[in-house]
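Next comes model19.cif, with mmCIF, C-alpha atoms and all ligand atoms.
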```
data_work
loop_
_atom_site.label_atom_id
_atom_site.label_comp_id
_atom_site.auth_asym_id
_atom_site.auth_seq_id
_atom_site.Cartn_x
_atom_site.Cartn_y
_atom_site.Cartn_z
CA MET A 1 36.02 11.21 -1.84
CA ALA A 2 34.17 14.39 -2.63
CA PRO A 3 33.47 15.02 -5.40
CA GLY A 4 35.99 12.64 -7.03
CA ASN A 5 36.26 11.64 -10.69
CA PRO A 6 36.12 8.46 -12.80
CA GLY A 7 39.72 7.61 -11.84
CA ILE A 8 39.37 7.59 -8.10
CA ALA A 9 35.87 6.13 -8.40
CA GLU A 10 37.62 2.84 -9.17
CA VAL A 11 38.98 2.69 -5.63
CA ALA A 12 36.78 5.03 -3.56
CA ARG A 13 33.13 5.83 -2.95
CA CYS A 14 32.46 9.26 -4.42
CA LEU A 15 30.02 11.73 -2.86
CA PRO A 16 28.47 14.40 -5.10
CA ILE A 17 29.59 17.31 -2.89
CA GLY A 18 31.71 20.12 -4.32
CA VAL A 19 34.87 21.38 -2.58
CA ALA A 20 33.23 24.75 -1.85
CA GLU A 21 30.15 23.20 -0.18
CA LEU A 22 31.46 23.37 3.37
CA ASP A 23 28.12 22.57 5.06
CA GLY A 24 27.67 19.44 2.97
CA LEU A 25 31.24 18.30 3.56
CA VAL A 26 30.99 18.71 7.33
CA GLU A 27 27.63 16.93 7.36
CA ALA A 28 29.01 14.00 5.36
CA ALA A 29 32.09 13.66 7.60
CA VAL A 30 29.92 13.68 10.73
CA ALA A 31 27.44 11.20 9.24
CA MET A 32 30.16 8.65 8.50
CA ALA A 33 32.04 9.38 11.77
CA ALA A 34 35.22 9.96 9.78
CA ASP A 35 38.51 9.36 11.60
CA LEU A 36 40.47 11.73 9.43
CA VAL A 37 39.48 14.15 6.69
CA VAL A 38 42.25 14.98 4.24
CA ILE A 39 41.61 18.34 2.58
CA GLY A 40 43.30 18.51 -0.81
CA PRO A 41 42.87 21.96 -2.35
CA GLU A 42 43.55 25.41 -0.91
CA GLY A 43 40.06 26.88 -1.41
CA PRO A 44 38.26 25.01 1.40
CA LEU A 45 41.30 25.38 3.68
CA VAL A 46 41.33 29.17 3.30
CA ALA A 47 37.53 29.14 3.76
CA GLY A 48 37.86 27.37 7.14
CA LEU A 49 36.80 23.78 6.46
CA ALA A 50 39.48 22.39 8.82
CA ASP A 51 38.23 24.63 11.66
CA ARG A 52 34.66 23.52 11.14
CA LEU A 53 35.58 19.83 11.16
CA ARG A 54 37.78 20.18 14.26
CA GLU A 55 34.89 21.92 16.05
CA LYS A 56 32.94 18.71 15.50
CA GLY A 57 35.75 16.62 16.95
CA ILE A 58 36.82 15.17 13.61
CA GLY A 59 40.52 14.65 12.84
CA VAL A 60 41.79 16.76 9.94
CA PHE A 61 44.89 16.82 7.80
CA GLY A 62 45.15 20.49 6.85
CA PRO A 63 45.58 23.92 8.42
CA SER A 64 43.02 26.24 10.01
CA ALA A 65 41.86 29.25 8.02
CA ALA A 66 44.22 31.43 10.07
CA ALA A 67 47.20 29.20 9.19
CA ALA A 68 46.13 28.81 5.56
CA ARG A 69 46.80 32.54 5.14
CA LEU A 70 50.37 31.43 4.34
CA GLU A 71 48.94 30.62 0.90
CA GLY A 72 45.77 32.73 0.97
CA SER A 73 47.49 36.08 1.44
CA LYS A 74 50.85 36.90 -0.13
CA GLY A 75 51.01 40.07 1.97
CA PHE A 76 50.49 38.11 5.19
CA LEU A 77 53.29 35.74 4.19
CA LYS A 78 55.71 38.54 3.29
CA ASP A 79 55.05 40.42 6.53
CA LEU A 80 55.52 37.21 8.53
CA CYS A 81 58.86 36.61 6.79
CA ALA A 82 59.92 40.18 7.53
CA ARG A 83 58.96 39.92 11.22
CA HIS A 84 60.79 36.61 11.69
CA GLY A 85 63.83 36.96 9.43
CA ILE A 86 62.81 34.28 6.93
CA PRO A 87 64.75 34.75 3.66
CA THR A 88 62.52 36.03 0.87
CA ALA A 89 62.69 38.75 -1.82
CA ALA A 90 62.54 42.39 -0.62
CA TYR A 91 59.02 43.78 -1.16
CA ARG A 92 56.41 46.47 -0.65
CA ARG A 93 52.63 46.14 -0.34
CA PHE A 94 50.13 48.43 -2.09
CA THR A 95 46.40 49.01 -2.37
CA ASP A 96 46.72 52.25 -4.32
CA ALA A 97 47.60 51.98 -8.04
CA ASP A 98 49.36 55.37 -8.20
CA GLU A 99 51.60 54.55 -5.27
CA ALA A 100 52.39 51.11 -6.67
CA GLY A 101 53.12 52.63 -10.09
CA GLY A 102 55.44 55.21 -8.55
CA TYR A 103 57.32 52.51 -6.68
CA VAL A 104 57.65 50.35 -9.81
CA ARG A 105 59.05 53.31 -11.82
CA ALA A 106 61.57 54.17 -9.12
CA HIS A 107 62.52 50.49 -8.66
CA GLY A 108 62.89 49.62 -12.36
CA ALA A 109 62.58 46.21 -14.03
CA PRO A 110 62.70 43.27 -13.78
CA VAL A 111 60.28 43.21 -10.89
CA VAL A 112 57.55 40.84 -9.73
CA VAL A 113 53.89 41.79 -9.10
CA LYS A 114 51.69 39.41 -7.07
CA VAL A 115 48.04 39.82 -6.19
CA ASP A 116 47.44 39.24 -2.50
CA GLY A 117 44.74 36.58 -2.54
CA LEU A 118 44.05 33.27 -4.28
CA ALA A 119 44.03 33.65 -8.07
CA ALA A 120 44.13 30.06 -9.36
CA GLY A 121 47.80 30.36 -10.27
CA LYS A 122 47.29 33.46 -12.40
CA GLY A 123 48.16 36.13 -9.85
CA VAL A 124 51.93 36.39 -10.38
CA VAL A 125 53.52 38.51 -13.12
CA VAL A 126 57.28 38.40 -13.54
CA ALA A 127 57.65 41.72 -15.38
CA MET A 128 60.72 42.21 -17.54
CA THR A 129 59.80 45.84 -18.24
CA VAL A 130 58.35 48.68 -16.15
CA ASP A 131 55.36 48.87 -18.55
CA GLU A 132 54.49 45.22 -17.98
CA ALA A 133 54.70 45.73 -14.23
CA ILE A 134 52.45 48.82 -14.37
CA ALA A 135 49.97 46.89 -16.51
CA ALA A 136 49.90 44.10 -13.90
CA VAL A 137 49.35 46.62 -11.11
CA ASP A 138 46.55 48.31 -13.07
CA GLU A 139 44.81 45.03 -13.87
CA ALA A 140 44.66 44.17 -10.19
CA LEU A 141 44.14 47.55 -8.50
CA ARG A 142 42.26 49.59 -11.16
CA GLU A 143 40.42 47.04 -13.30
CA LEU A 144 39.85 44.65 -10.34
CA ARG A 145 40.42 41.70 -12.66
CA PHE A 146 40.99 39.44 -9.66
CA GLY A 147 38.12 40.85 -7.62
CA GLU A 148 38.71 41.05 -3.86
CA ALA A 149 41.78 38.82 -4.13
CA GLY A 150 43.52 41.57 -6.11
CA ARG A 151 42.61 44.67 -4.07
CA SER A 152 46.08 44.50 -2.59
CA VAL A 153 49.35 43.60 -4.30
CA VAL A 154 52.90 42.74 -3.35
CA VAL A 155 55.69 44.16 -5.51
CA GLU A 156 58.94 42.31 -4.94
CA ASP A 157 62.50 42.03 -6.19
CA PHE A 158 63.25 39.63 -9.03
CA LEU A 159 65.33 36.65 -7.92
CA VAL A 160 67.43 34.35 -10.07
CA GLY A 161 68.25 30.67 -9.65
CA PRO A 162 66.87 27.16 -10.03
CA GLU A 163 63.48 26.56 -8.44
CA MET A 164 62.65 23.73 -6.07
CA SER A 165 59.37 22.53 -4.58
CA PHE A 166 60.10 21.66 -0.95
CA PHE A 167 57.58 19.76 1.20
CA ALA A 168 57.53 19.58 4.99
CA LEU A 169 54.92 18.31 7.42
CA SER A 170 53.97 19.97 10.68
CA ASP A 171 51.62 19.05 13.51
CA GLY A 172 51.64 22.65 14.73
CA LEU A 173 54.55 22.15 17.09
CA SER A 174 57.27 20.22 15.32
CA SER A 175 58.05 19.79 11.66
CA SER A 176 59.76 17.20 9.51
CA PHE A 177 61.14 17.11 6.02
CA PHE A 178 58.90 15.26 3.58
CA ALA A 179 60.27 15.52 0.03
CA THR A 180 61.46 17.71 -2.82
CA ALA A 181 60.18 17.87 -6.36
CA MET A 182 60.63 19.81 -9.56
CA ASP A 183 57.59 21.22 -11.33
CA TYR A 184 57.63 21.66 -15.14
CA LYS A 185 55.65 24.89 -15.22
CA ARG A 186 55.78 25.93 -18.87
CA LEU A 187 53.67 24.36 -21.60
CA GLY A 188 56.47 23.57 -24.01
CA ASP A 189 59.65 21.51 -24.05
CA GLY A 190 62.73 23.33 -22.84
CA GLY A 191 60.67 25.57 -20.58
CA VAL A 192 59.08 27.70 -23.31
CA GLY A 193 55.51 28.85 -23.86
CA PRO A 194 52.86 29.97 -21.39
CA ASN A 195 52.92 29.26 -17.68
CA THR A 196 50.64 26.39 -16.63
CA GLY A 197 49.51 24.75 -13.42
CA GLY A 198 52.28 22.24 -14.07
CA MET A 199 52.92 19.93 -17.03
CA GLY A 200 55.01 17.39 -15.16
CA ALA A 201 56.95 16.73 -11.99
CA ILE A 202 59.86 14.68 -10.79
CA THR A 203 60.89 13.65 -7.31
CA PRO A 204 63.37 13.93 -5.76
CA HIS A 205 64.59 17.24 -7.18
CA PRO A 206 68.01 16.60 -8.78
CA MET A 207 69.59 19.24 -6.51
CA GLN A 208 68.36 17.71 -3.25
CA THR A 209 71.22 17.04 -0.81
CA PRO A 210 71.10 16.40 2.95
CA GLU A 211 72.89 19.72 3.51
CA LEU A 212 70.40 21.71 1.44
CA VAL A 213 67.45 20.00 3.14
CA GLU A 214 68.83 20.90 6.58
CA GLN A 215 69.54 24.48 5.47
CA VAL A 216 65.94 24.93 4.28
CA MET A 217 64.51 23.34 7.43
CA GLU A 218 66.72 25.59 9.59
CA THR A 219 66.27 28.91 7.79
CA ILE A 220 62.74 28.63 6.38
CA ILE A 221 60.52 25.76 7.62
CA ARG A 222 61.25 25.67 11.36
CA PRO A 223 61.16 29.49 11.67
CA THR A 224 57.77 29.49 9.86
CA VAL A 225 56.29 26.82 12.13
CA ALA A 226 57.59 28.65 15.23
CA ALA A 227 56.32 31.99 13.93
CA MET A 228 52.82 30.68 13.22
CA ARG A 229 52.68 29.11 16.65
CA SER A 230 53.91 32.23 18.43
CA GLU A 231 51.35 34.31 16.55
CA GLY A 232 48.48 32.06 17.63
CA ALA A 233 47.89 30.25 14.34
CA PRO A 234 49.80 26.95 14.60
CA PHE A 235 50.28 25.34 11.21
CA ARG A 236 49.18 21.73 10.78
CA GLY A 237 49.42 19.86 7.52
CA VAL A 238 51.82 20.13 4.60
CA LEU A 239 53.89 23.20 3.90
CA TYR A 240 54.88 23.32 0.26
CA ALA A 241 57.57 25.95 -0.06
CA GLY A 242 58.30 27.28 -3.54
CA LEU A 243 62.03 28.02 -3.31
CA MET A 244 64.53 29.84 -5.47
CA LEU A 245 68.06 28.54 -4.90
CA THR A 246 69.89 31.85 -5.21
CA GLU A 247 73.57 32.70 -4.81
CA ARG A 248 72.67 34.02 -1.36
CA GLY A 249 71.07 30.71 -0.40
CA PRO A 250 67.55 29.29 -0.63
CA MET A 251 64.85 31.96 -0.63
CA LEU A 252 61.11 31.56 -0.22
CA LEU A 253 58.97 32.59 -3.22
CA GLU A 254 55.66 31.39 -1.84
CA TYR A 255 53.92 28.84 0.32
CA ASN A 256 51.15 26.46 -0.67
CA VAL A 257 49.30 24.72 2.13
CA ARG A 258 48.66 21.56 0.08
CA PHE A 259 50.69 18.93 -1.79
CA GLY A 260 50.70 20.59 -5.22
CA ASP A 261 49.46 19.34 -8.54
CA PRO A 262 51.16 17.49 -10.32
CA GLU A 263 53.80 17.16 -7.60
CA CYS A 264 51.38 15.22 -5.40
CA GLU A 265 50.93 12.47 -7.95
CA ALA A 266 54.70 11.95 -8.24
CA LEU A 267 55.12 12.03 -4.45
CA MET A 268 52.40 9.46 -3.83
CA VAL A 269 54.01 7.03 -6.25
CA ALA A 270 57.46 7.56 -4.72
CA LEU A 271 56.20 7.05 -1.16
CA ASP A 272 56.88 3.58 0.25
CA ASP A 273 55.06 4.07 3.51
CA ASP A 274 51.66 4.21 5.15
CA LEU A 275 50.23 7.51 3.95
CA GLY A 276 47.29 7.38 6.34
CA GLU A 277 49.56 7.06 9.35
CA ILE A 278 51.78 9.91 8.16
CA LEU A 279 48.85 12.24 7.55
CA ARG A 280 47.23 11.32 10.85
CA GLU A 281 50.42 12.22 12.75
CA ALA A 282 50.59 15.56 10.96
CA SER A 283 46.95 16.28 11.75
CA GLY A 284 48.11 17.37 15.20
CA ASP A 285 44.83 16.02 16.55
CA GLU A 286 46.32 13.32 18.73
CA ALA A 287 49.38 13.00 20.95
CA HIS A 288 52.52 11.43 19.52
CA ALA A 289 56.23 11.85 20.17
CA SER A 290 57.38 13.60 16.99
CA LEU A 291 56.91 13.38 13.28
CA ARG A 292 58.97 10.60 11.77
CA ALA A 293 60.74 10.61 8.42
CA PRO A 294 58.75 8.69 5.80
CA ARG A 295 60.26 5.85 3.79
CA TRP A 296 60.75 6.49 0.07
CA HIS A 297 61.20 4.31 -2.96
CA ARG A 298 64.89 4.06 -3.88
CA GLY A 299 65.28 5.91 -7.14
CA ALA A 300 62.86 8.44 -8.54
CA ALA A 301 59.35 9.08 -9.80
CA ALA A 302 58.32 11.05 -12.88
CA CYS A 303 54.89 12.44 -13.71
CA VAL A 304 53.83 13.49 -17.22
CA VAL A 305 50.67 15.58 -17.54
CA MET A 306 48.48 15.02 -20.60
CA ALA A 307 46.45 18.14 -21.37
CA ALA A 308 43.51 19.11 -23.56
CA PRO A 309 44.00 21.10 -26.78
CA GLY A 310 43.98 24.83 -26.08
CA TYR A 311 45.31 24.43 -22.54
CA PRO A 312 46.13 26.67 -20.67
CA GLU A 313 44.35 29.63 -22.35
CA SER A 314 41.13 27.99 -23.47
CA PRO A 315 41.02 24.22 -23.15
CA VAL A 316 38.64 22.37 -25.46
CA THR A 317 36.99 19.55 -23.53
CA GLY A 318 34.79 16.59 -24.50
CA GLY A 319 37.40 14.67 -26.48
CA GLU A 320 37.15 10.88 -26.39
CA ILE A 321 40.04 9.37 -24.43
CA SER A 322 41.46 6.07 -25.63
CA GLY A 323 43.93 3.74 -23.97
CA ALA A 324 43.79 5.13 -20.43
CA GLY A 325 42.36 1.92 -19.01
CA ASP A 326 45.16 -0.23 -20.38
CA ALA A 327 48.11 2.09 -19.88
CA ALA A 328 48.76 1.30 -16.23
CA ALA A 329 51.61 -1.21 -16.05
CA GLU A 330 54.29 -2.33 -13.68
CA ALA A 331 55.30 0.61 -11.45
CA THR A 332 53.12 2.89 -13.59
CA TRP A 333 49.94 4.68 -12.53
CA VAL A 334 47.40 6.77 -14.48
CA PHE A 335 45.74 9.41 -12.29
CA HIS A 336 42.70 11.30 -13.50
CA ALA A 337 42.56 15.10 -13.23
CA GLY A 338 39.93 16.34 -15.68
CA THR A 339 37.86 13.41 -16.95
CA ARG A 340 34.21 12.33 -16.99
CA ARG A 341 32.19 9.33 -18.12
CA ASP A 342 29.82 9.89 -21.02
CA GLU A 343 26.34 8.30 -21.31
CA ARG A 344 27.82 5.15 -22.85
CA GLY A 345 30.47 4.77 -20.14
CA GLY A 346 33.28 6.07 -22.34
CA LEU A 347 35.94 8.36 -20.93
CA ARG A 348 35.99 12.04 -22.03
CA THR A 349 38.25 14.98 -21.33
CA ALA A 350 36.61 17.41 -18.90
CA GLY A 351 39.33 19.88 -17.91
CA GLY A 352 42.57 21.52 -19.04
CA ARG A 353 44.86 18.99 -17.43
CA VAL A 354 43.30 15.61 -18.08
CA LEU A 355 45.55 12.75 -16.92
CA ASP A 356 48.73 12.43 -14.85
CA VAL A 357 50.85 9.46 -15.87
CA VAL A 358 53.38 8.54 -13.18
CA ALA A 359 56.06 5.88 -12.99
CA ARG A 360 58.84 5.04 -10.61
CA ASP A 361 62.14 3.30 -11.20
CA ALA A 362 65.71 3.02 -9.97
CA SER A 363 66.78 6.19 -11.77
CA LEU A 364 65.06 9.35 -12.96
CA GLU A 365 65.77 8.48 -16.60
CA ALA A 366 64.26 5.01 -16.23
CA ALA A 367 61.21 6.40 -14.41
CA ALA A 368 60.61 8.94 -17.17
CA ARG A 369 61.05 6.29 -19.88
CA ARG A 370 58.50 4.11 -18.12
CA ALA A 371 56.01 6.98 -17.82
CA TYR A 372 56.39 7.90 -21.51
CA ALA A 373 55.82 4.27 -22.54
CA ALA A 374 52.38 4.57 -20.89
CA VAL A 375 51.72 8.04 -22.34
CA ALA A 376 52.29 6.59 -25.82
CA LYS A 377 49.31 4.25 -25.34
CA ILE A 378 46.86 7.04 -24.46
CA GLY A 379 45.35 9.68 -26.70
CA TRP A 380 42.55 12.01 -27.78
CA PRO A 381 42.31 14.60 -30.54
CA GLY A 382 44.71 17.49 -29.92
CA GLU A 383 46.26 15.93 -26.80
CA GLN A 384 49.40 17.77 -25.63
CA HIS A 385 52.21 16.88 -23.24
CA ARG A 386 55.83 17.76 -22.71
CA SER A 387 58.35 15.23 -23.92
CA ASP A 388 61.27 16.35 -21.73
CA VAL A 389 60.07 15.45 -18.24
CA GLY A 390 63.01 13.80 -16.53
CA THR A 391 65.60 15.91 -18.26
CA TRP A 392 65.98 19.25 -16.65
CA GLY A 393 67.61 22.63 -16.70
CA LYS A 394 64.67 24.66 -17.93
CA PRO A 395 61.50 23.34 -16.30
P1 LIG A 401 52.82 30.71 -9.35
O1 LIG A 401 53.30 29.30 -9.18
O2 LIG A 401 51.81 30.91 -10.41
O3 LIG A 401 52.54 31.41 -8.06
O4 LIG A 401 54.05 31.48 -9.98
C1 LIG A 401 55.12 31.66 -9.25
C2 LIG A 401 56.27 31.67 -10.17
O5 LIG A 401 56.67 33.01 -10.44
C3 LIG A 401 57.45 31.00 -9.52
O6 LIG A 401 57.47 29.63 -9.78
C4 LIG A 401 58.61 31.74 -10.15
O7 LIG A 401 58.93 31.16 -11.40
C5 LIG A 401 58.07 33.11 -10.40
N1 LIG A 401 58.45 34.04 -9.32
C6 LIG A 401 57.75 34.32 -8.21
N2 LIG A 401 58.39 35.20 -7.43
C7 LIG A 401 59.55 35.50 -8.06
C8 LIG A 401 60.65 36.36 -7.77
N3 LIG A 401 60.70 37.11 -6.67
N4 LIG A 401 61.66 36.40 -8.67
C9 LIG A 401 61.61 35.67 -9.81
N5 LIG A 401 60.61 34.86 -10.14
C10 LIG A 401 59.58 34.76 -9.29
N1 LIG A 402 52.17 22.82 -9.39
C1 LIG A 402 52.06 23.98 -8.62
C2 LIG A 402 50.98 24.00 -7.62
O1 LIG A 402 50.33 23.03 -7.33
O2 LIG A 402 50.75 25.08 -7.09
#
```
Encoding of this model in structure tokens:
Amino acid sequence: MAPGNPGIAEVARCLPIGVAELDGLVEAAVAMAADLVVIGPEGPLVAGLADRLREKGIGVFGPSAAAARLEGSKGFLKDLCARHGIPTAAYRRFTDADEAGGYVRAHGAPVVVKVDGLAAGKGVVVAMTVDEAIAAVDEALRELRFGEAGRSVVVEDFLVGPEMSFFALSDGLSSSFFATAMDYKRLGDGGVGPNTGGMGAITPHPMQTPELVEQVMETIIRPTVAAMRSEGAPFRGVLYAGLMLTERGPMLLEYNVRFGDPECEALMVALDDDLGEILREASGDEAHASLRAPRWHRGAAACVVMAAPGYPESPVTGGEISGAGDAAAEATWVFHAGTRRDERGGLRTAGGRVLDVVARDASLEAAARRAYAAVAKIGWPGEQHRSDVGTWGKP
């Protein structure tokens, strides 16, 4: 694991190499003759880590830089959807602030402004007024608040409906359905307060049906995999489609080329299968017949994120964490996100989102109850979490 944290250090050997240190990561993988490197976050994928490992003959779970553009460039994704008839909101692309402003005024609100490149989850503004939309355009194109990532923006129609996180695997040629989840994006109960990276997740999504899964595979996932292949950038790895279930059917809001956080934690607990084998098949680096459907725990999994005070605007870190070591129980896991060990071996908060507490059970309600029983044992000054994970309607 590179670089890892005190949580995973209990089960893995951690190497002090950051996710942006591509040379060091390649060197380490070669030195240990790794069978398979699983690349978690989008940064190194977009920067070409998978390409560099494959050049060395090392198996990789994760897309090439060219295929990671599905997440790394919103404009690339929208144009691909347009060329291949994949359902998504109508849009225009701009690099000039005056032109974008003119379009926004003519279009009217609500309207959505997205910076083209990676912006750590802060690049999307759902503008309820024309002024808000113009401000978002100006921040990106005039003030260059997002640097290079924001030199180009997508302005798209506002869609309405429940959201669903939809996960599929692809080896570049074929694809298979993996799972659905629901992400609790807002800080506060009932879906109020600022947007966050995710304050909780449940899997499966309560609206998952076999018919909906097949519809999304048929209209969105398989056309994407075919399009990437036909355009010379076959996609290998996990496609995480952010969907809006509109009256006109499921529409694609965005792609991530990774498992999602905190969705990943819920998915890993719900999985009743050999993860290594599944990821190796989807690496596309060795011959196999076709991707098989994974086996899942009967019931559901729920993940509650415990965050530092001040998250998401300005998290205050360094708080002493109590109870985390003892909170894991039957069918309950405590994953670390932003933690560190202090000089005396104590556990401290070291990031905005600190711990992910996940449980599984026969029903969503029971899974959530189990997770909250563990959350109740853990604490630090100013700790915050949502108390409605597992109920839904306004995530
Ligand atoms: P992020 O996860 O930060 O990229 O934010 C994306 C969020 O913005 C989605 O989860 C939606 O809630 C919202 N969003 C994105 N595109 C649209 C759209 N076309 N219409 C309405 N909401 C959108
Ligand atoms: N939870 C949303 C994401 O990982 O992008």
(request) Find the distance between CA of Ala119 in chain A and CA of Asp98 in chain A and write it in Å to one decimal. (result)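 Computing the Euclidean distance for CA of Ala119 in chain A and CA of Asp98 in chain A yields 22.4 Å.
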Per residue of chain A within 6 Å of ligand LIG 402 (chain A), record the nearest atom pair and its distance in Å to one decimal, counting only C-alpha atoms and all ligand atoms, with rows in chain order and ascending residue number, as a tab-separated table.
```
residue	atom	partner	partner_atom	distance
A:Asp183	CA	A:LIG402	N1	6.0
A:Gly197	CA	A:LIG402	N1	5.2
A:Gly198	CA	A:LIG402	N1	4.7
A:Gly260	CA	A:LIG402	O1	3.2
A:Asp261	CA	A:LIG402	O1	4.0
A:Pro262	CA	A:LIG402	N1	5.5
```
(request) Could I get the residue neighbourhood of ligand LIG 401 (chain A) at 8 Å, counting all atoms listed in the file, as a list in words? (result)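 Result of the 8 Å neighbour search around ligand LIG 401 (chain A): Thr88, Ala89, Val111, Val112, Lys114, Ala120, Gly121, Lys122, Gly123, Val124, Val125, Val126, Glu156, Asp157, Phe158, Leu159, Val160, Glu163, Lys185, Asn195, Thr196, Gly197, Gly242, Met244, Leu253 and Glu254 of chain A.
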(message) I'd like the contact shell of Ala34 in chain A - 12 Å cut-off, all atoms listed in the file, skipping same-chain residues fewer than 4 positions apart - returned as number ranges by chain.
(response) A: 1, 25-30, 38, 53-54, 56-60
(request) Could you tell me which of A:Arg229, A:His336, A:Arg341, A:Arg236 comes closest to Ala50 in chain A if we count all atoms listed in the file? (result) A:Arg236
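Note that CA of Asp356 in chain A and CA of Val304 in chain A are 5.7 Å apart.
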(request) Enter the distance from CA of Trp296 in chain A to CA of Val216 in chain A, in Å, rounded to one decimal. (result)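 Pair CA of Trp296 in chain A / CA of Val216 in chain A returns 19.6 Å.
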(message) Here is a test: counting all atoms listed in the file, which residue of A:Ala367, A:Leu279, A:Ala331, A:Ala227 is nearest to Ala201 in chain A?
(response) A:Ala367
(request) Pull the neighbourhood of (44.1, 10.5, -13.6) for me: all residues within 9 Å in file coordinates, counting only C-alpha atoms, as JSON, numbers by chain. (result) {"A": [5, 6, 7, 8, 324, 333, 334, 335, 336, 337, 338, 339, 354, 355, 356, 357]}
(request) Counting all atoms listed in the file, figure out which residue out of A:Ala302, A:Ile278, A:Leu169, A:Ile134 gets nearest to Phe259 in chain A. (result)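 Of A:Ala302, A:Ile278, A:Leu169, A:Ile134, the one nearest Phe259 in chain A, counting all atoms listed in the file, is A:Leu169.
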(request) Within 12 Å of Asp342 in chain A, counting only C-alpha atoms, which residues show up once you throw out same-chain ones fewer than 3 positions away? Write them as an MDAnalysis selection string, please. (result) chainID A and resid 6 318:321 339 345:350
Which residues are close to Asp326 in chain A, i.e. within 10 Å by only C-alpha atoms, leaving aside same-chain residues fewer than 4 positions away? Reply as a PDB file with C-alpha atoms, keeping the file's coordinate frame.
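Writing the result to around-v1.pdb gives the following:
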```pdb
ATOM      1  CA  SER A 322      41.460   6.070 -25.630  1.00  0.00           C
ATOM      2  CA  VAL A 334      47.400   6.770 -14.480  1.00  0.00           C
ATOM      3  CA  ALA A 374      52.380   4.570 -20.890  1.00  0.00           C
ATOM      4  CA  LYS A 377      49.310   4.250 -25.340  1.00  0.00           C
ATOM      5  CA  ILE A 378      46.860   7.040 -24.460  1.00  0.00           C
TER       6      ILE A 378
END
```
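Comparing the minimum interatomic distances between Gly237 in chain A and each of A:Ala282, A:Leu267, A:Val115, A:Val104, counting all atoms listed in the file, we find that A:Ala282 sits nearest.
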(request) May I have the residues within 6 Å of range 351-353 of chain A as a list in words, using all atoms listed in the file and disregarding those fewer than 6 positions away in the same chain? (result)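 So, after excluding close chain neighbours, the residues are Ala307, Ala308, Tyr311, Pro315 and Gly338 of chain A.
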(request) Tell me which of A:Ile202, A:Ala133, A:Ile221, A:Met32 sits closest to Ser174 in chain A, counting only C-alpha atoms. (result)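 With only C-alpha atoms as the atom set, the closest residue is A:Ile221.
In terms of minimum interatomic distance to Pro87 in chain A, A:Met251 ranks closest within A:Met251, A:Val37, A:Val192, A:Ala293, counting all atoms listed in the file.
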(message) Need to verify the contact set: range 137-140 of chain A, 12 Å, only C-alpha atoms, exclusion of same-chain residues closer than 2 positions in sequence. Can you return it as a count of residues only?
(response) 47
